[in-house]
file protein.csv (CSV, C-alpha atoms)
chain,number,residue,atom,x,y,z
A,1,MET,CA,7.7,-10.5,-0.7
A,2,ASN,CA,8.3,-10.1,3.0
A,3,ASP,CA,6.0,-9.6,6.0
A,4,THR,CA,6.0,-5.8,5.6
A,5,ASP,CA,5.0,-6.1,1.9
A,6,LEU,CA,2.2,-8.5,2.9
A,7,MET,CA,1.0,-6.1,5.5
A,8,HIS,CA,0.7,-3.2,3.0
A,9,LEU,CA,-0.9,-5.6,0.4
A,10,VAL,CA,-3.6,-6.6,3.0
A,11,ARG,CA,-4.3,-2.9,3.6
A,12,ALA,CA,-4.8,-2.4,-0.2
A,13,VAL,CA,-7.3,-5.3,-0.1
A,14,ASP,CA,-9.0,-3.7,2.9
A,15,LEU,CA,-9.3,-0.5,0.9
A,16,ALA,CA,-10.8,-2.6,-2.0
A,17,GLU,CA,-13.4,-3.9,0.5
A,18,ALA,CA,-14.1,-0.3,1.6
A,19,ALA,CA,-14.6,0.6,-2.1
A,20,LEU,CA,-17.2,-2.1,-2.5
A,21,ALA,CA,-18.9,-1.0,0.7
A,22,SER,CA,-19.3,2.5,-0.8
A,23,ASP,CA,-20.7,1.1,-4.1
A,24,ASN,CA,-17.4,1.3,-6.1
A,25,ASP,CA,-15.4,-1.3,-7.9
A,26,PRO,CA,-13.3,-3.2,-5.4
A,27,PHE,CA,-9.8,-1.8,-5.9
A,28,GLY,CA,-7.5,-0.2,-3.4
A,29,SER,CA,-3.9,1.0,-3.4
A,30,VAL,CA,-1.2,2.2,-0.9
A,31,LEU,CA,1.9,4.3,-1.7
A,32,VAL,CA,4.8,3.6,0.7
A,33,GLY,CA,8.0,5.6,0.8
A,34,VAL,CA,11.5,4.2,1.0
A,35,ASP,CA,11.4,4.7,4.7
A,36,GLY,CA,8.3,2.5,5.1
A,37,ARG,CA,5.9,5.3,5.8
A,38,VAL,CA,2.5,5.2,4.1
A,39,LEU,CA,2.3,8.4,2.1
A,40,PHE,CA,-1.0,8.0,0.3
A,41,GLU,CA,-3.8,5.5,0.1
A,42,ASP,CA,-7.2,5.4,-1.6
A,43,HIS,CA,-9.7,3.2,-3.3
A,44,ASN,CA,-11.7,3.3,-6.5
A,45,TRP,CA,-14.3,6.1,-6.8
A,46,THR,CA,-16.0,4.9,-10.0
A,47,SER,CA,-19.5,5.3,-8.6
A,48,THR,CA,-19.0,9.0,-9.2
A,49,GLY,CA,-19.6,8.3,-12.9
A,50,ASP,CA,-15.9,8.8,-13.7
A,51,GLU,CA,-14.5,5.5,-14.6
A,52,THR,CA,-10.9,6.9,-14.5
A,53,ARG,CA,-11.1,7.4,-10.7
A,54,HIS,CA,-8.7,4.5,-9.9
A,55,PRO,CA,-6.6,4.8,-6.8
A,56,GLU,CA,-3.4,4.2,-8.9
A,57,ILE,CA,-4.1,7.4,-10.9
A,58,ASP,CA,-4.7,9.4,-7.8
A,59,ILE,CA,-1.4,8.0,-6.3
A,60,ALA,CA,0.5,9.0,-9.5
A,61,LYS,CA,-0.9,12.5,-9.4
A,62,TRP,CA,-0.2,12.9,-5.7
A,63,ALA,CA,3.3,11.5,-6.1
A,64,ALA,CA,4.0,13.9,-9.0
A,65,ALA,CA,2.9,16.9,-7.0
A,66,ASN,CA,4.5,15.9,-3.6
A,67,MET,CA,7.6,13.8,-4.2
A,68,SER,CA,11.0,14.3,-5.9
A,69,VAL,CA,11.9,12.1,-8.9
A,70,SER,CA,14.3,10.1,-6.7
A,71,GLU,CA,11.6,9.6,-3.9
A,72,ARG,CA,9.1,8.4,-6.5
A,73,ALA,CA,11.6,5.9,-8.0
A,74,ALA,CA,12.3,4.5,-4.5
A,75,ALA,CA,8.6,4.2,-3.5
A,76,THR,CA,6.4,1.1,-3.7
A,77,VAL,CA,2.8,0.9,-4.7
A,78,TYR,CA,0.8,-1.9,-3.2
A,79,THR,CA,-2.5,-2.6,-4.9
A,80,SER,CA,-5.3,-5.0,-4.6
A,81,GLY,CA,-5.4,-5.6,-8.4
A,82,GLU,CA,-2.8,-5.5,-11.1
A,83,HIS,CA,-2.8,-2.0,-12.7
A,84,CYS,CA,-5.0,-1.6,-15.8
A,85,PRO,CA,-3.2,-0.1,-18.8
A,86,MET,CA,-4.3,3.4,-17.9
A,87,CYS,CA,-2.8,3.1,-14.4
A,88,ALA,CA,0.3,1.3,-15.5
A,89,ALA,CA,1.0,4.1,-17.9
A,90,ALA,CA,0.5,6.8,-15.3
A,91,HIS,CA,2.7,4.9,-12.9
A,92,ALA,CA,5.5,4.7,-15.5
A,93,TRP,CA,5.1,8.3,-16.6
A,94,VAL,CA,5.6,9.7,-13.1
A,95,GLY,CA,8.5,7.4,-12.4
A,96,LEU,CA,7.1,5.5,-9.5
A,97,GLY,CA,9.1,2.4,-8.4
A,98,ARG,CA,8.1,-1.1,-7.5
A,99,ILE,CA,4.5,-2.4,-7.8
A,100,ILE,CA,3.2,-5.3,-5.7
A,101,TYR,CA,-0.3,-6.5,-6.5
A,102,ALA,CA,-2.6,-9.0,-4.8
A,103,GLY,CA,-4.7,-10.1,-7.8
A,104,SER,CA,-3.6,-10.3,-11.4
A,105,SER,CA,-5.4,-9.1,-14.5
A,106,ALA,CA,-5.6,-12.7,-15.7
A,107,GLN,CA,-7.3,-13.7,-12.4
A,108,LEU,CA,-9.8,-10.8,-12.7
A,109,SER,CA,-10.8,-11.9,-16.2
A,110,VAL,CA,-11.5,-15.4,-14.9
A,111,TRP,CA,-13.4,-14.2,-11.8
A,112,LEU,CA,-15.6,-11.9,-13.9
A,113,SER,CA,-16.3,-14.7,-16.5
A,114,GLU,CA,-17.3,-17.1,-13.6
A,115,VAL,CA,-20.3,-14.9,-12.9
A,116,GLY,CA,-21.1,-13.9,-16.5
A,117,ALA,CA,-19.9,-10.3,-16.0
A,118,PRO,CA,-19.0,-8.4,-19.2
A,119,PRO,CA,-15.3,-7.8,-19.7
A,120,PRO,CA,-13.9,-4.4,-19.0
A,121,PRO,CA,-13.9,-1.9,-21.9
A,122,VAL,CA,-10.1,-1.9,-21.9
A,123,ALA,CA,-7.9,-5.0,-22.5
A,124,THR,CA,-6.7,-6.6,-19.3
A,125,LEU,CA,-3.0,-6.5,-20.1
A,126,PRO,CA,-0.1,-7.3,-17.7
A,127,ILE,CA,1.7,-4.2,-16.4
A,128,SER,CA,4.9,-5.5,-18.0
A,129,THR,CA,3.3,-5.1,-21.5
A,130,ILE,CA,2.4,-1.5,-20.9
A,131,ALA,CA,5.5,-0.5,-18.9
A,132,PRO,CA,8.2,-3.1,-19.5
A,133,GLY,CA,10.8,-1.5,-17.2
A,134,LEU,CA,8.8,-1.5,-14.0
A,135,PRO,CA,9.7,-3.9,-11.2
A,136,VAL,CA,6.5,-5.9,-10.5
A,137,GLU,CA,5.5,-8.7,-8.1
A,138,GLY,CA,2.3,-10.6,-7.9
A,139,PRO,CA,-0.2,-12.1,-7.6
A,140,GLU,CA,-0.2,-12.9,-3.9
A,141,LEU,CA,-2.2,-16.2,-3.8
A,142,SER,CA,-3.0,-16.0,-0.1
A,143,LEU,CA,-5.4,-13.1,-0.9
A,144,SER,CA,-7.0,-14.7,-4.0
A,145,ALA,CA,-10.1,-16.1,-2.4
A,146,ARG,CA,-10.9,-12.8,-0.7
A,147,LEU,CA,-10.4,-10.8,-3.9
A,148,ARG,CA,-12.5,-13.3,-5.9
A,149,ASP,CA,-15.3,-12.9,-3.4
A,150,LEU,CA,-15.2,-9.0,-3.7
A,151,HIS,CA,-15.3,-9.1,-7.5
A,152,HIS,CA,-18.1,-11.7,-7.5
A,153,ARG,CA,-20.1,-9.5,-5.1
A,154,ARG,CA,-19.6,-6.4,-7.2
A,155,ALA,CA,-20.6,-8.2,-10.4
A,156,ALA,CA,-23.8,-9.4,-8.7
A,157,ARG,CA,-24.6,-5.9,-7.5
A,158,LYS,CA,-24.1,-4.5,-11.0
A,159,ALA,CA,-26.3,-7.2,-12.4
A,160,GLY,CA,-29.0,-6.4,-9.8
A,161,ARG,CA,-28.8,-9.8,-8.1
call {"tool": "encode", "arguments": {"input": "protein.csv", "output": "structure tokens"}}
result
Amino acid sequence: MNDTDLMHLVRAVDLAEAALASDNDPFGSVLVGVDGRVLFEDHNWTSTGDETRHPEIDIAKWAAANMSVSERAAATVYTSGEHCPMCAAAHAWVGLGRIIYAGSSAQLSVWLSEVGAPPPPVATLPISTIAPGLPVEGPELSLSARLRDLHHRRAARKAGR
């Protein structure tokens, strides 16, 4: 991971913070083209009642509609949290390239258990289990404390504390 990667990864975590501020689960993602331009970014919209409104799904849909196969393969997705199985599958199906994540699924499981939050309804599996051919980097430990705090705050809100 280089300084440019870290910059985009910090932006993904900023988007996760924006998600939390708008009463959504704290996840954010950024799609960057081979030329380094940000092409698409978003955060979770699960407060709409649609638990599939993950930014990685929206990125996959946007990429499929707006990028060639070769452009998708050369792009990088920066995300605050390791893709869930649904998002990893979408990423692989549309042929997106490298994934760099700040927090891992394993870390998320620990952070949620620390505050007694229920586990997600879908197994927290590594991306490589769902899409074994994808190039993946993470977690970025310099962002762990910030992510842990976001997930603790979300769990507390959901529990009414």
call {"tool": "closest_atom_pairs", "arguments": {"input": "protein.csv", "of": "region 4-103 of chain A", "to": "region 107-122 of chain A", "cutoff": "8 Å", "atoms": "all atoms listed in the file", "output": "JSON lines"}}
result
{"residue": "A:Cys84", "atom": "CA", "partner": "A:Val122", "partner_atom": "CA", "distance": 8.0}
{"residue": "A:Pro85", "atom": "CA", "partner": "A:Val122", "partner_atom": "CA", "distance": 7.8}
{"residue": "A:Gly103", "atom": "CA", "partner": "A:Gln107", "partner_atom": "CA", "distance": 6.4}
call {"tool": "closest_residue", "arguments": {"input": "protein.csv", "among": "A:Ala63, A:Leu150, A:Leu9, A:Ala155", "to": "Ala21 (chain A)", "atoms": "all atoms listed in the file"}}
result
A:Leu150
call {"tool": "closest_residue", "arguments": {"input": "protein.csv", "among": "A:Leu39, A:Leu20, A:Ile99, A:Ala106", "to": "Lys158 (chain A)", "atoms": "all atoms listed in the file"}}
result
A:Leu20
call {"tool": "atom_distance", "arguments": {"input": "protein.csv", "atom1": "CA of Ser47 (chain A)", "atom2": "CA of Leu96 (chain A)"}}
result
26.6 Å
call {"tool": "residues_around", "arguments": {"input": "protein.csv", "residues": "Asp50 (chain A)", "least_positions_apart": "5", "cutoff": "12 Å", "atoms": "all atoms listed in the file", "output": "list of chain:residue names"}}
result
A:Asn24, A:Asp25, A:Asn44, A:Trp45
call {"tool": "residues_around", "arguments": {"input": "protein.csv", "residues": "Pro139 (chain A)", "least_positions_apart": "5", "cutoff": "9 Å", "atoms": "only C-alpha atoms", "output": "MDAnalysis selection string"}}
result
chainID A and resid 81:82 100:104 107 144
call {"tool": "build_atoms", "arguments": {"input": "protein.csv", "residues": "region 27-38 of chain A", "atoms": "N, CA and C atoms", "output": "short mmCIF file (atom, residue, chain, number, x, y, z; two decimals), in the frame of the given file"}}
result
data_model
loop_
_atom_site.label_atom_id
_atom_site.label_comp_id
_atom_site.auth_asym_id
_atom_site.auth_seq_id
_atom_site.Cartn_x
_atom_site.Cartn_y
_atom_site.Cartn_z
N PHE A 27 -11.22 -1.99 -5.70
CA PHE A 27 -9.80 -1.80 -5.90
C PHE A 27 -9.27 -0.81 -4.88
N GLY A 28 -8.12 -1.10 -4.29
CA GLY A 28 -7.50 -0.20 -3.40
C GLY A 28 -5.98 -0.23 -3.52
N SER A 29 -5.33 0.89 -3.20
CA SER A 29 -3.90 1.00 -3.40
C SER A 29 -3.26 1.83 -2.26
N VAL A 30 -1.99 1.53 -1.98
CA VAL A 30 -1.20 2.20 -0.90
C VAL A 30 0.14 2.59 -1.51
N LEU A 31 0.55 3.83 -1.30
CA LEU A 31 1.90 4.30 -1.70
C LEU A 31 2.75 4.35 -0.45
N VAL A 32 3.89 3.67 -0.49
CA VAL A 32 4.80 3.60 0.70
C VAL A 32 6.16 4.14 0.24
N GLY A 33 6.69 5.06 1.05
CA GLY A 33 8.00 5.60 0.80
C GLY A 33 9.12 4.68 1.13
N VAL A 34 10.31 5.05 0.73
CA VAL A 34 11.50 4.20 1.00
C VAL A 34 11.72 3.97 2.46
N ASP A 35 11.25 4.90 3.30
CA ASP A 35 11.40 4.70 4.70
C ASP A 35 10.33 3.88 5.39
N GLY A 36 9.40 3.36 4.58
CA GLY A 36 8.30 2.50 5.10
C GLY A 36 7.07 3.20 5.50
N ARG A 37 7.06 4.53 5.41
CA ARG A 37 5.90 5.30 5.80
C ARG A 37 4.82 5.23 4.69
N VAL A 38 3.55 5.09 5.08
CA VAL A 38 2.50 5.20 4.10
C VAL A 38 2.30 6.68 3.80
#
